[in-house]
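Quick look at coords-v8.cif (mmCIF, C-alpha atoms):
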```cif
data_model
#
loop_
_atom_site.label_atom_id
_atom_site.label_comp_id
_atom_site.auth_asym_id
_atom_site.auth_seq_id
_atom_site.Cartn_x
_atom_site.Cartn_y
_atom_site.Cartn_z
CA MET F 132 75.34 114.71 70.53
CA HIS F 133 76.12 112.76 67.37
CA ASP F 134 79.86 112.98 67.80
CA VAL F 135 80.13 111.95 71.44
CA ALA F 136 81.97 108.63 71.44
CA LYS F 137 79.37 105.96 70.96
CA HIS F 138 79.71 102.59 72.51
CA ASP F 139 77.14 99.86 72.18
CA ASP F 140 78.39 98.22 75.36
CA SER F 141 76.54 98.05 78.63
CA LYS F 142 77.52 99.50 81.96
CA GLY F 143 78.20 95.97 83.21
CA GLN F 144 81.55 95.66 81.48
CA TYR F 145 82.82 98.75 83.30
CA PHE F 146 82.07 97.08 86.61
CA TRP F 147 84.02 94.03 85.41
CA VAL F 148 86.94 96.28 84.44
CA TRP F 149 86.79 97.96 87.87
CA GLY F 150 86.78 94.54 89.52
CA ALA F 151 89.74 93.40 87.41
CA LEU F 152 91.67 96.54 88.38
CA LEU F 153 91.02 95.90 92.08
CA VAL F 154 92.12 92.25 91.73
CA LEU F 155 95.33 93.25 89.91
CA THR F 156 96.00 95.85 92.62
CA GLY F 157 95.49 93.16 95.25
CA ILE F 158 97.99 90.91 93.47
CA GLU F 159 100.54 93.75 93.35
CA VAL F 160 100.09 94.46 97.07
CA TRP F 161 100.44 90.77 97.92
CA LEU F 162 103.64 90.52 95.88
CA GLY F 163 105.10 93.67 97.44
CA TYR F 164 103.96 93.00 101.01
CA ASN F 165 105.31 89.43 101.02
CA GLN F 166 108.39 90.42 99.00
CA VAL F 167 107.81 87.39 96.82
CA PHE F 168 110.75 88.16 94.54
CA SER F 169 113.97 88.76 96.44
CA ASP F 170 115.65 90.18 93.33
CA PRO F 171 114.47 93.83 93.02
CA ARG F 172 114.80 93.74 89.23
CA ARG F 173 112.45 90.76 88.96
CA MET F 174 109.98 92.41 91.38
CA LEU F 175 110.11 95.62 89.33
CA GLU F 176 109.54 93.76 86.04
CA VAL F 177 106.49 91.94 87.39
CA LEU F 178 105.01 95.07 88.99
CA MET F 179 105.52 97.12 85.81
CA ILE F 180 103.87 94.42 83.66
CA LEU F 181 100.86 94.44 86.00
CA SER F 182 100.81 98.27 85.90
CA ILE F 183 100.88 98.27 82.11
CA ILE F 184 97.93 95.82 82.03
CA LYS F 185 96.01 98.07 84.44
CA SER F 186 96.81 101.19 82.44
CA ALA F 187 95.72 99.47 79.21
CA LEU F 188 92.35 98.65 80.83
CA ILE F 189 91.94 102.25 82.04
CA ILE F 190 92.95 103.79 78.71
CA GLY F 191 90.95 101.33 76.62
CA TYR F 192 87.71 101.19 78.61
CA PHE F 193 87.44 104.08 81.05
CA MET F 194 89.00 106.61 78.65
CA HIS F 195 87.16 104.94 75.73
CA LEU F 196 90.20 104.92 73.48
CA LYS F 197 89.21 101.40 72.36
CA PHE F 198 86.10 102.91 70.77
CA GLU F 199 87.80 105.84 69.06
CA LYS F 200 88.91 105.96 65.44
CA ALA F 201 92.02 103.85 64.77
CA ILE F 202 94.10 106.81 63.53
CA MET F 203 93.64 108.65 66.81
CA ARG F 204 94.32 105.53 68.86
CA TRP F 205 97.56 104.68 67.07
CA MET F 206 98.92 108.23 66.84
CA LEU F 207 98.52 108.79 70.58
CA VAL F 208 99.86 105.42 71.67
CA ILE F 209 102.79 105.30 69.26
CA SER F 210 103.93 108.87 69.99
CA VAL F 211 103.86 108.51 73.79
CA VAL F 212 105.43 105.04 73.79
CA ALA F 213 108.17 106.24 71.42
CA CYS F 214 109.00 109.11 73.79
CA PHE F 215 109.22 106.75 76.75
CA ILE F 216 111.49 104.37 74.84
CA ILE F 217 113.80 107.25 73.93
CA MET F 218 113.84 108.44 77.57
CA TYR F 219 114.64 104.93 78.73
CA PHE F 220 117.68 104.58 76.46
CA PHE F 221 118.94 108.02 77.42
CA PHE F 222 118.67 107.55 81.19
CA PHE F 223 119.02 103.99 82.40
CA PRO F 224 122.39 102.96 80.93
CA ASP F 225 123.83 106.08 82.59
CA ALA F 226 122.32 105.19 85.97
CA GLY F 227 123.96 101.76 85.91
CA ARG F 228 127.32 103.18 84.81
CA ILE F 229 127.60 105.25 87.98
CA ILE F 230 127.44 102.09 90.09
CA ARG F 231 130.04 100.30 87.91
CA LEU F 232 132.42 103.29 88.05
CA GLY F 233 132.25 103.21 91.84
CA VAL F 234 131.55 106.96 92.01
CA MET U 256 69.20 107.66 58.00
CA ALA U 257 68.17 111.15 56.78
CA GLU U 258 70.86 112.75 58.90
CA ALA U 259 73.49 110.38 57.53
CA ALA U 260 72.41 111.22 53.98
CA ILE U 261 72.63 114.96 54.64
CA GLU U 262 76.07 114.49 56.18
CA HIS U 263 77.21 112.41 53.22
CA ASP U 264 75.95 115.02 50.72
CA ALA U 265 77.59 117.88 52.60
CA VAL U 266 80.95 116.14 52.79
CA HIS U 267 81.00 115.19 49.14
CA GLY U 268 79.47 118.46 47.81
CA LEU U 269 76.55 116.69 46.21
CA PRO U 270 73.17 118.27 45.41
CA GLY U 271 71.32 118.88 48.60
CA SER U 272 74.38 120.17 50.43
CA SER U 273 74.51 123.75 51.58
CA HIS U 274 77.70 125.74 50.94
CA GLY U 275 77.30 127.63 54.24
CA THR U 276 76.84 124.48 56.33
CA ALA U 277 79.26 122.13 54.58
CA GLY U 278 81.97 122.70 57.20
CA GLU U 279 79.55 121.85 59.98
CA PHE U 280 79.33 118.26 58.75
CA GLU U 281 82.97 117.85 57.75
CA ALA U 282 84.22 114.59 59.24
CA PRO U 283 87.11 115.43 61.59
CA PHE U 284 90.43 113.72 60.92
CA PHE U 285 90.47 111.99 64.30
CA GLY U 286 86.74 111.28 64.30
CA ALA U 287 86.28 113.23 67.52
CA TYR U 288 85.25 116.75 68.42
CA SER U 289 88.03 119.29 68.93
CA LYS U 290 87.65 119.56 72.72
CA LYS U 291 88.32 115.85 73.08
CA VAL U 292 91.31 115.90 70.71
CA GLY U 293 92.69 118.90 72.60
CA MET U 294 92.39 117.12 75.94
CA TRP U 295 94.06 113.98 74.56
CA LEU U 296 96.97 116.08 73.28
CA PHE U 297 97.29 117.77 76.66
CA LEU U 298 97.25 114.37 78.40
CA ALA U 299 99.95 113.09 76.03
CA SER U 300 102.18 116.00 77.03
CA ASP U 301 101.34 115.64 80.72
CA SER U 302 102.22 111.96 80.57
CA LEU U 303 105.72 113.00 79.52
CA THR U 304 105.93 115.34 82.52
CA PHE U 305 105.10 112.46 84.83
CA GLY U 306 107.36 110.21 82.80
CA ALA U 307 110.26 112.56 83.47
CA LEU U 308 109.52 112.54 87.23
CA LEU U 309 109.17 108.76 87.28
CA PHE U 310 112.44 108.39 85.39
CA ALA U 311 114.13 110.78 87.84
CA PHE U 312 112.86 108.65 90.74
CA SER U 313 113.97 105.42 89.04
CA TYR U 314 117.36 106.83 88.06
CA ASN U 315 118.08 107.85 91.65
CA ARG U 316 116.85 104.52 92.94
CA ILE U 317 119.15 102.56 90.66
CA TYR U 318 122.35 104.41 91.44
CA THR U 319 121.74 104.92 95.19
CA ASN U 320 122.68 101.91 97.25
CA PRO U 321 121.14 101.26 99.74
CA TRP U 322 117.85 102.93 98.78
CA PRO U 323 115.67 103.73 101.84
CA THR U 324 112.68 101.49 102.48
CA PRO U 325 110.56 103.52 104.88
CA PHE U 326 107.07 102.19 104.13
CA HIS U 327 105.77 100.01 106.93
CA ALA U 328 102.62 97.89 106.71
CA GLN U 329 100.46 100.84 107.78
CA SER U 330 101.77 102.97 104.90
CA ILE U 331 101.18 100.18 102.41
CA ALA U 332 97.62 99.67 103.75
CA ASN U 333 96.99 103.42 103.49
CA ALA U 334 98.33 103.54 99.92
CA THR U 335 96.20 100.50 98.97
CA ILE U 336 93.05 102.25 100.24
CA MET U 337 94.08 105.33 98.27
CA THR U 338 94.41 103.18 95.14
CA ALA U 339 90.96 101.68 95.72
CA CYS U 340 89.54 105.21 96.13
CA LEU U 341 90.97 106.33 92.79
CA LEU U 342 89.82 103.20 90.97
CA SER U 343 86.31 103.61 92.39
CA SER U 344 86.34 107.27 91.40
CA SER U 345 87.10 106.26 87.81
CA LEU U 346 84.05 103.96 87.85
CA THR U 347 81.77 106.72 89.17
CA MET U 348 83.21 109.07 86.53
CA VAL U 349 82.28 106.61 83.77
CA LEU U 350 78.76 106.36 85.22
CA GLY U 351 78.60 110.17 85.26
CA VAL U 352 79.54 110.30 81.57
CA PHE U 353 76.82 107.75 80.82
CA ALA U 354 74.27 109.88 82.71
CA SER U 355 75.30 113.04 80.83
CA GLN U 356 74.96 111.26 77.48
CA ARG U 357 71.36 110.26 78.26
CA GLY U 358 70.61 113.81 79.43
CA ASP U 359 70.07 112.97 83.11
CA ARG U 360 71.40 116.15 84.79
CA ALA U 361 70.61 115.05 88.33
CA TRP U 362 72.53 111.76 88.13
CA THR U 363 75.35 113.41 86.16
CA ARG U 364 75.79 115.75 89.11
CA ASN U 365 75.45 112.92 91.64
CA TRP U 366 78.07 110.72 89.98
CA LEU U 367 80.43 113.69 89.59
CA LEU U 368 80.01 114.49 93.29
CA ALA U 369 80.74 110.84 94.13
CA THR U 370 83.91 111.06 92.01
CA MET U 371 84.91 114.23 93.85
CA ALA U 372 84.28 112.52 97.19
CA PHE U 373 86.61 109.65 96.31
CA GLY U 374 89.20 112.12 95.02
CA THR U 375 88.99 114.17 98.21
CA ALA U 376 89.38 111.00 100.27
CA PHE U 377 92.53 110.23 98.29
CA ILE U 378 93.94 113.71 98.96
CA VAL U 379 93.14 113.54 102.69
CA LEU U 380 94.71 110.07 103.06
CA HIS U 381 97.75 111.16 101.06
CA GLY U 382 98.08 114.28 103.22
CA MET U 383 97.94 112.14 106.36
CA GLU U 384 100.66 109.88 104.89
CA TRP U 385 102.85 112.89 104.13
CA SER U 386 102.30 114.30 107.62
CA LYS U 387 103.29 110.97 109.17
CA LEU U 388 106.48 110.73 107.11
CA ILE U 389 107.42 114.36 107.81
CA GLY U 390 106.72 113.79 111.51
CA GLU U 391 109.16 110.87 111.43
CA GLY U 392 111.88 113.13 110.00
CA LEU U 393 111.59 112.73 106.23
CA THR U 394 111.72 116.31 105.05
CA LEU U 395 112.97 118.83 102.50
CA PRO U 396 114.60 122.23 103.05
CA GLY U 397 111.79 124.73 103.42
CA PHE U 398 109.31 122.29 104.96
CA PRO U 399 108.07 123.28 108.43
CA ARG U 400 109.50 120.96 111.10
CA PRO U 401 107.02 119.44 113.55
CA ALA U 402 108.21 118.72 117.08
CA GLY U 403 110.10 115.45 117.35
CA ALA U 404 110.94 115.23 113.65
CA ALA U 405 114.65 115.80 114.22
CA SER U 406 114.88 112.57 116.22
CA GLY U 407 112.45 110.59 114.11
CA GLU U 408 113.04 107.22 112.44
CA LEU U 409 113.58 108.84 109.05
CA ALA U 410 115.72 111.81 110.12
CA ASP U 411 118.88 109.94 109.10
CA VAL U 412 117.37 109.14 105.72
CA SER U 413 116.89 112.84 104.99
CA LYS U 414 120.55 113.51 105.78
CA ALA U 415 122.15 110.43 104.19
CA VAL U 416 119.94 110.10 101.08
CA PRO U 417 118.43 113.54 100.41
CA GLN U 418 117.43 112.51 96.89
CA PHE U 419 114.87 110.07 98.33
CA ALA U 420 112.83 112.89 99.90
CA ALA U 421 113.36 115.10 96.85
CA THR U 422 112.11 112.55 94.32
CA PHE U 423 109.38 111.14 96.58
CA PHE U 424 107.86 114.50 97.50
CA GLY U 425 108.39 115.89 93.98
CA LEU U 426 106.58 113.01 92.32
CA THR U 427 103.74 112.63 94.82
CA ALA U 428 103.25 116.41 95.15
CA MET U 429 102.84 116.74 91.39
CA HIS U 430 100.28 113.93 91.42
CA MET U 431 98.43 115.33 94.46
CA LEU U 432 98.26 118.72 92.72
CA HIS U 433 96.75 117.06 89.64
CA VAL U 434 94.15 115.29 91.78
CA THR U 435 93.29 118.59 93.51
CA ILE U 436 92.94 120.36 90.16
CA GLY U 437 90.78 117.46 88.98
CA VAL U 438 88.45 117.77 91.98
CA ILE U 439 88.10 121.52 91.37
CA TYR U 440 87.52 120.89 87.63
CA LEU U 441 84.77 118.37 88.37
CA GLY U 442 83.25 120.72 90.95
CA VAL U 443 83.04 123.49 88.36
CA VAL U 444 81.42 121.15 85.80
CA ALA U 445 78.98 119.66 88.34
CA LEU U 446 77.97 122.70 90.37
CA ARG U 447 79.24 125.75 88.43
CA LYS U 448 79.03 128.98 90.46
CA LEU U 449 77.57 127.12 93.46
CA PHE U 450 80.98 125.45 93.86
CA LEU U 451 82.82 128.73 94.49
CA PRO U 452 81.63 129.36 98.09
CA ILE U 453 82.15 125.66 98.90
CA LEU U 454 85.75 125.85 97.66
CA GLY U 455 86.28 129.09 99.55
CA ALA U 456 84.96 127.54 102.76
CA LEU U 457 87.26 124.52 102.32
CA TRP U 458 90.29 126.77 101.82
CA LEU U 459 89.46 128.87 104.88
CA ALA U 460 88.74 125.84 107.06
CA GLY U 461 91.98 124.18 106.00
CA PHE U 462 94.04 127.32 106.60
CA LEU U 463 92.56 127.90 110.06
CA LEU U 464 92.44 124.29 111.25
CA ILE U 465 95.71 122.85 109.94
CA PRO U 466 98.53 123.71 112.37
CA SER U 467 101.32 125.93 111.10
CA ASP U 468 103.98 123.23 111.64
CA ASN U 469 102.23 121.14 108.97
CA VAL U 470 103.23 121.67 105.33
CA PHE U 471 99.56 121.66 104.26
CA HIS U 472 98.93 124.85 106.26
CA TYR U 473 100.69 126.51 103.32
CA GLY U 474 99.80 123.96 100.64
CA ILE U 475 96.05 124.61 101.18
CA HIS U 476 96.53 127.89 99.28
CA ALA U 477 96.39 125.78 96.11
CA LEU U 478 92.62 125.78 96.75
CA LEU U 479 92.64 129.59 96.86
CA ILE U 480 94.45 129.75 93.51
CA GLY U 481 91.94 127.24 92.12
CA LEU U 482 89.08 129.33 93.50
CA ILE U 483 90.36 132.49 91.79
CA LEU U 484 90.87 130.74 88.45
CA ALA U 485 87.48 128.98 88.64
CA ALA U 486 85.78 132.31 89.42
CA ILE U 487 87.46 133.98 86.43
CA ILE U 488 86.32 131.18 84.12
CA LEU U 489 82.79 130.96 85.53
CA PHE U 490 82.14 134.72 85.42
CA LEU U 491 83.94 135.58 82.19
CA LYS U 492 82.65 132.58 80.23
CA PRO U 493 79.48 131.29 81.86
CA LYS U 494 78.04 128.28 80.09
CA ASP U 495 75.92 125.25 80.64
CA TYR U 496 78.33 122.30 80.66
CA ASP U 497 77.09 119.56 78.35
CA ALA U 498 77.93 115.89 77.75
CA HIS U 499 81.06 116.86 75.82
CA ASP U 500 82.39 118.81 78.79
CA VAL U 501 81.65 115.95 81.18
CA GLU U 502 83.38 113.46 78.88
CA VAL U 503 86.46 115.68 78.51
CA SER U 504 86.67 116.21 82.28
CA GLY U 505 86.40 112.44 82.63
CA LEU U 506 89.44 111.97 80.39
CA TYR U 507 91.49 114.19 82.70
CA TRP U 508 90.26 112.32 85.78
CA HIS U 509 91.09 108.89 84.37
CA PHE U 510 94.57 110.14 83.44
CA VAL U 511 95.19 111.11 87.07
CA ASP U 512 94.16 107.57 88.09
CA LEU U 513 96.38 106.10 85.39
CA VAL U 514 99.49 107.89 86.65
CA TRP U 515 98.89 106.54 90.17
CA MET U 516 98.90 102.99 88.72
CA PHE U 517 102.63 103.53 88.09
CA ILE U 518 103.49 105.62 91.15
CA PHE U 519 101.99 103.16 93.65
CA PRO U 520 104.06 100.08 92.74
CA LEU U 521 107.24 101.96 91.87
CA VAL U 522 107.38 104.19 94.94
CA TYR U 523 105.52 102.27 97.62
CA LEU U 524 105.62 98.56 96.79
CA MET U 525 109.31 98.65 95.79
CA SER U 526 110.26 100.30 99.11
CA THR U 527 108.36 98.25 101.67
CA ARG U 528 109.75 97.66 105.15
CA ILE U 529 107.78 94.69 106.37
CA SER U 530 109.31 93.04 109.42
#
```
Take the structure in this file and express it as structure tokens.
Amino acid sequence: MHDVAKHDDSKGQYFWVWGALLVLTGIEVWLGYNQVFSDPRRMLEVLMILSIIKSALIIGYFMHLKFEKAIMRWMLVISVVACFIIMYFFFFPDAGRIIRLGV
Amino acid sequence: MAEAAIEHDAVHGLPGSSHGTAGEFEAPFFGAYSKKVGMWLFLASDSLTFGALLFAFSYNRIYTNPWPTPFHAQSIANATIMTACLLSSSLTMVLGVFASQRGDRAWTRNWLLATMAFGTAFIVLHGMEWSKLIGEGLTLPGFPRPAGAASGELADVSKAVPQFAATFFGLTAMHMLHVTIGVIYLGVVALRKLFLPILGALWLAGFLLIPSDNVFHYGIHALLIGLILAAIILFLKPKDYDAHDVEVSGLYWHFVDLVWMFIFPLVYLMSTRIS
């Protein structure tokens, strides 16, 4: 299988990644369970940053995107992130406006 | 070294290349075989599907004040165990891909079965969570009503903020369906036709044992649909699944885990009710 994604790494690093994911999950649960941030926006920001770090570890290591050719990596990441950015600017200002209008 | 030289000659049309086999060595644009590129493209589109559902949930959460916070400590503990199950299943999936790449069929099957076990544990725990919430009164039109649900703690939530149940069940049902499809997919890759009677037995057992006032008495038919589709694929296109197939199935499985990394904090951790 000459074109199966090759990686010269050992299995050990995947256990480290798994451990890091469990630790980050534990941090998220601790933050949510103890309601560390009283402001929901701050809590959401912190949780989303942790989720993005976890997803980067999963995509990079478990899905092996880190070891793929750069063109594939960048085309996938840029296209999906661009779509999410567009969705964000279409939806969220409208959600806030409803509260300000008092509807 | 010899293989690399042949490949180089074929790509560049140099002496030693064969006109009939030149395409076989043509370097793909993305540097990956077509099955893998196809799966990545599918996952990119599926991520937008989940993105739309997550945005719908977030949109409703922002403009609805107050947003219900129904998840007690037990629900959070349950969801945390579910997260650990999915993360562990991703690790076993990676180990299965490793085994398939070194040609170890037995351990490829074993690691895939371990992945399926973690995935099934996730589905069962998630189903129990759903049943608990529905039993407390959180429901949608069309859901069967268990006894006592009308007077449950969350019955008022369903009436006052119907969009909570709609977005919660919509988002988590879509994810649960993806996990179920993933388990069936891995079962087909690991066991091939041997998986069909197992899946059939699971469907029948679920249909007979789950009471009719539980939504999963009807939802279990997803396994029947999966069984029919798997049978069509396995009988119409029988093949020996190789390392490519295991790797591609692994991509799908990791994607399912990835989506949960966003659902868990957004839905559960942002709506905790810890007294």
Any chance you could tabulate, as a tab-separated table, the residues of chain F at most 8 Å from chain U with each one's nearest atom pair and distance in Å to one decimal, using only C-alpha atoms, in chain and rising number order?
```
residue	atom	partner	partner_atom	distance
F:Met132	CA	U:Ala498	CA	7.8
F:Asp134	CA	U:Ala287	CA	6.4
F:Val135	CA	U:His499	CA	6.6
F:Ala136	CA	U:Ala287	CA	7.4
F:Lys142	CA	U:Leu350	CA	7.7
F:Tyr145	CA	U:Leu346	CA	7.0
F:Phe146	CA	U:Leu346	CA	7.3
F:Trp149	CA	U:Leu346	CA	6.6
F:Leu152	CA	U:Leu342	CA	7.4
F:Leu153	CA	U:Ala339	CA	6.8
F:Thr156	CA	U:Thr335	CA	7.9
F:Glu159	CA	U:Pro520	CA	7.3
F:Val160	CA	U:Leu524	CA	6.9
F:Gly163	CA	U:Leu524	CA	5.0
F:Tyr164	CA	U:Ile529	CA	6.8
F:Asn165	CA	U:Ile529	CA	7.9
F:Pro171	CA	U:Met525	CA	7.6
F:Met174	CA	U:Met525	CA	7.7
F:Leu175	CA	U:Met525	CA	7.2
F:Leu178	CA	U:Pro520	CA	6.3
F:Met179	CA	U:Phe517	CA	7.4
F:Ser182	CA	U:Met516	CA	5.8
F:Lys185	CA	U:Met516	CA	7.1
F:Ser186	CA	U:Leu513	CA	5.7
F:Ile189	CA	U:Leu513	CA	6.8
F:Ile190	CA	U:His509	CA	7.8
F:Phe193	CA	U:Val349	CA	6.4
F:Met194	CA	U:Leu506	CA	5.7
F:Glu199	CA	U:Gly286	CA	7.3
F:Lys200	CA	U:Gly286	CA	5.9
F:Ile202	CA	U:Phe285	CA	6.4
F:Met203	CA	U:Phe285	CA	5.2
F:Leu207	CA	U:Ala299	CA	7.1
F:Val211	CA	U:Ala299	CA	6.4
F:Cys214	CA	U:Leu303	CA	7.7
F:Phe215	CA	U:Gly306	CA	7.2
F:Met218	CA	U:Phe310	CA	7.9
F:Tyr219	CA	U:Phe310	CA	7.8
F:Phe222	CA	U:Tyr314	CA	7.0
F:Phe223	CA	U:Tyr314	CA	6.5
F:Ala226	CA	U:Tyr318	CA	5.5
F:Gly227	CA	U:Tyr318	CA	6.3
F:Ile229	CA	U:Tyr318	CA	6.3
F:Ile230	CA	U:Tyr318	CA	5.8
```
Dump C-alpha atoms for the selected residues as an mmCIF file, in the coordinates of the input?
```
data_model
loop_
_atom_site.group_PDB
_atom_site.id
_atom_site.type_symbol
_atom_site.label_atom_id
_atom_site.label_comp_id
_atom_site.auth_asym_id
_atom_site.auth_seq_id
_atom_site.Cartn_x
_atom_site.Cartn_y
_atom_site.Cartn_z
ATOM 1 C CA MET F 132 75.340 114.710 70.530
ATOM 2 C CA ASP F 134 79.860 112.980 67.800
ATOM 3 C CA VAL F 135 80.130 111.950 71.440
ATOM 4 C CA ALA F 136 81.970 108.630 71.440
ATOM 5 C CA LYS F 142 77.520 99.500 81.960
ATOM 6 C CA TYR F 145 82.820 98.750 83.300
ATOM 7 C CA PHE F 146 82.070 97.080 86.610
ATOM 8 C CA TRP F 149 86.790 97.960 87.870
ATOM 9 C CA LEU F 152 91.670 96.540 88.380
ATOM 10 C CA LEU F 153 91.020 95.900 92.080
ATOM 11 C CA THR F 156 96.000 95.850 92.620
ATOM 12 C CA GLU F 159 100.540 93.750 93.350
ATOM 13 C CA VAL F 160 100.090 94.460 97.070
ATOM 14 C CA GLY F 163 105.100 93.670 97.440
ATOM 15 C CA TYR F 164 103.960 93.000 101.010
ATOM 16 C CA ASN F 165 105.310 89.430 101.020
ATOM 17 C CA PRO F 171 114.470 93.830 93.020
ATOM 18 C CA MET F 174 109.980 92.410 91.380
ATOM 19 C CA LEU F 175 110.110 95.620 89.330
ATOM 20 C CA LEU F 178 105.010 95.070 88.990
ATOM 21 C CA MET F 179 105.520 97.120 85.810
ATOM 22 C CA SER F 182 100.810 98.270 85.900
ATOM 23 C CA LYS F 185 96.010 98.070 84.440
ATOM 24 C CA SER F 186 96.810 101.190 82.440
ATOM 25 C CA ILE F 189 91.940 102.250 82.040
ATOM 26 C CA ILE F 190 92.950 103.790 78.710
ATOM 27 C CA PHE F 193 87.440 104.080 81.050
ATOM 28 C CA MET F 194 89.000 106.610 78.650
ATOM 29 C CA GLU F 199 87.800 105.840 69.060
ATOM 30 C CA LYS F 200 88.910 105.960 65.440
ATOM 31 C CA ILE F 202 94.100 106.810 63.530
ATOM 32 C CA MET F 203 93.640 108.650 66.810
ATOM 33 C CA LEU F 207 98.520 108.790 70.580
ATOM 34 C CA VAL F 211 103.860 108.510 73.790
ATOM 35 C CA CYS F 214 109.000 109.110 73.790
ATOM 36 C CA PHE F 215 109.220 106.750 76.750
ATOM 37 C CA MET F 218 113.840 108.440 77.570
ATOM 38 C CA TYR F 219 114.640 104.930 78.730
ATOM 39 C CA PHE F 222 118.670 107.550 81.190
ATOM 40 C CA PHE F 223 119.020 103.990 82.400
ATOM 41 C CA ALA F 226 122.320 105.190 85.970
ATOM 42 C CA GLY F 227 123.960 101.760 85.910
ATOM 43 C CA ILE F 229 127.600 105.250 87.980
ATOM 44 C CA ILE F 230 127.440 102.090 90.090
#
```
**OP:** Would you mind reading off the distance between CA of Ala151 (chain F) and CA of Met206 (chain F), one decimal, in Å?
**Re:** 27.0 Å
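Taking CA of Pro493 (chain U) as the reference point, CA of Phe450 (chain U) is found at 13.4 Å.
Proximity to Arg204 (chain F) at 10 Å, evaluated using only C-alpha atoms and with sequence-adjacent residues fewer than 6 positions away removed, yields Gly191, His195, Leu196, Lys197 and Phe198 of chain F; Phe285 of chain U.
Closest to Thr394 (chain U) among U:Val470, U:Ile378, U:Ala354, U:Ile487 is U:Val470, based on only C-alpha atoms.
With CA of Ser504 (chain U) on one side and CA of Leu441 (chain U) on the other, the separation reads 6.7 Å.
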**OP:** Run the PyMOL selection byres ((chain U and resi 429) around 12) on the file and write out the hits as number ranges by chain.
**Re:** U: 301-302, 304-309, 421-428, 430-436, 511, 514-515, 518
Original post:
Hey, what comes out of the PyMOL selection byres ((chain U and resi 374) around 8) on this file? Could you write it as a PyMOL selection string?
Top reply: chain U and resi 340-341+344+370-373+375-378+434-435+438
Which residues come within 12 Å of Asp411 (chain U), counting only C-alpha atoms, excluding same-chain residues fewer than 4 positions away, as a PDB file with C-alpha atoms, in the frame of the given file?
```
ATOM      1  CA  PRO U 323     115.670 103.730 101.840  1.00  0.00           C
ATOM      2  CA  PRO U 325     110.560 103.520 104.880  1.00  0.00           C
ATOM      3  CA  GLU U 391     109.160 110.870 111.430  1.00  0.00           C
ATOM      4  CA  GLY U 392     111.880 113.130 110.000  1.00  0.00           C
ATOM      5  CA  LEU U 393     111.590 112.730 106.230  1.00  0.00           C
ATOM      6  CA  THR U 394     111.720 116.310 105.050  1.00  0.00           C
ATOM      7  CA  ALA U 404     110.940 115.230 113.650  1.00  0.00           C
ATOM      8  CA  ALA U 405     114.650 115.800 114.220  1.00  0.00           C
ATOM      9  CA  SER U 406     114.880 112.570 116.220  1.00  0.00           C
ATOM     10  CA  GLY U 407     112.450 110.590 114.110  1.00  0.00           C
ATOM     11  CA  ALA U 415     122.150 110.430 104.190  1.00  0.00           C
ATOM     12  CA  VAL U 416     119.940 110.100 101.080  1.00  0.00           C
ATOM     13  CA  PRO U 417     118.430 113.540 100.410  1.00  0.00           C
ATOM     14  CA  PHE U 419     114.870 110.070  98.330  1.00  0.00           C
ATOM     15  CA  ALA U 420     112.830 112.890  99.900  1.00  0.00           C
TER      16      ALA U 420
END
```
Export of region 408-431 of chain U: C-alpha atoms, as a compact mmCIF listing (two decimals), in the first residue's frame:
```
# COMPACT_ATOMS: atom_id res chain seq x y z
CA GLU U 408 -39.85 18.55 36.08
CA LEU U 409 -39.36 19.48 32.43
CA ALA U 410 -43.00 19.44 31.29
CA ASP U 411 -43.18 23.23 31.65
CA VAL U 412 -40.01 23.62 29.61
CA SER U 413 -41.60 21.79 26.68
CA LYS U 414 -44.58 24.15 26.78
CA ALA U 415 -42.81 27.44 27.51
CA VAL U 416 -39.65 26.96 25.39
CA PRO U 417 -40.51 24.39 22.69
CA GLN U 418 -37.42 25.35 20.69
CA PHE U 419 -35.19 23.88 23.41
CA ALA U 420 -36.54 20.36 22.85
CA ALA U 421 -36.59 20.88 19.07
CA THR U 422 -32.96 21.98 18.81
CA PHE U 423 -31.68 19.59 21.50
CA PHE U 424 -33.33 16.48 20.07
CA GLY U 425 -32.62 17.55 16.47
CA LEU U 426 -28.91 18.02 17.10
CA THR U 427 -28.33 14.99 19.31
CA ALA U 428 -30.53 12.73 17.15
CA MET U 429 -28.49 13.63 14.06
CA HIS U 430 -25.28 12.84 15.95
CA MET U 431 -26.66 9.59 17.41
```
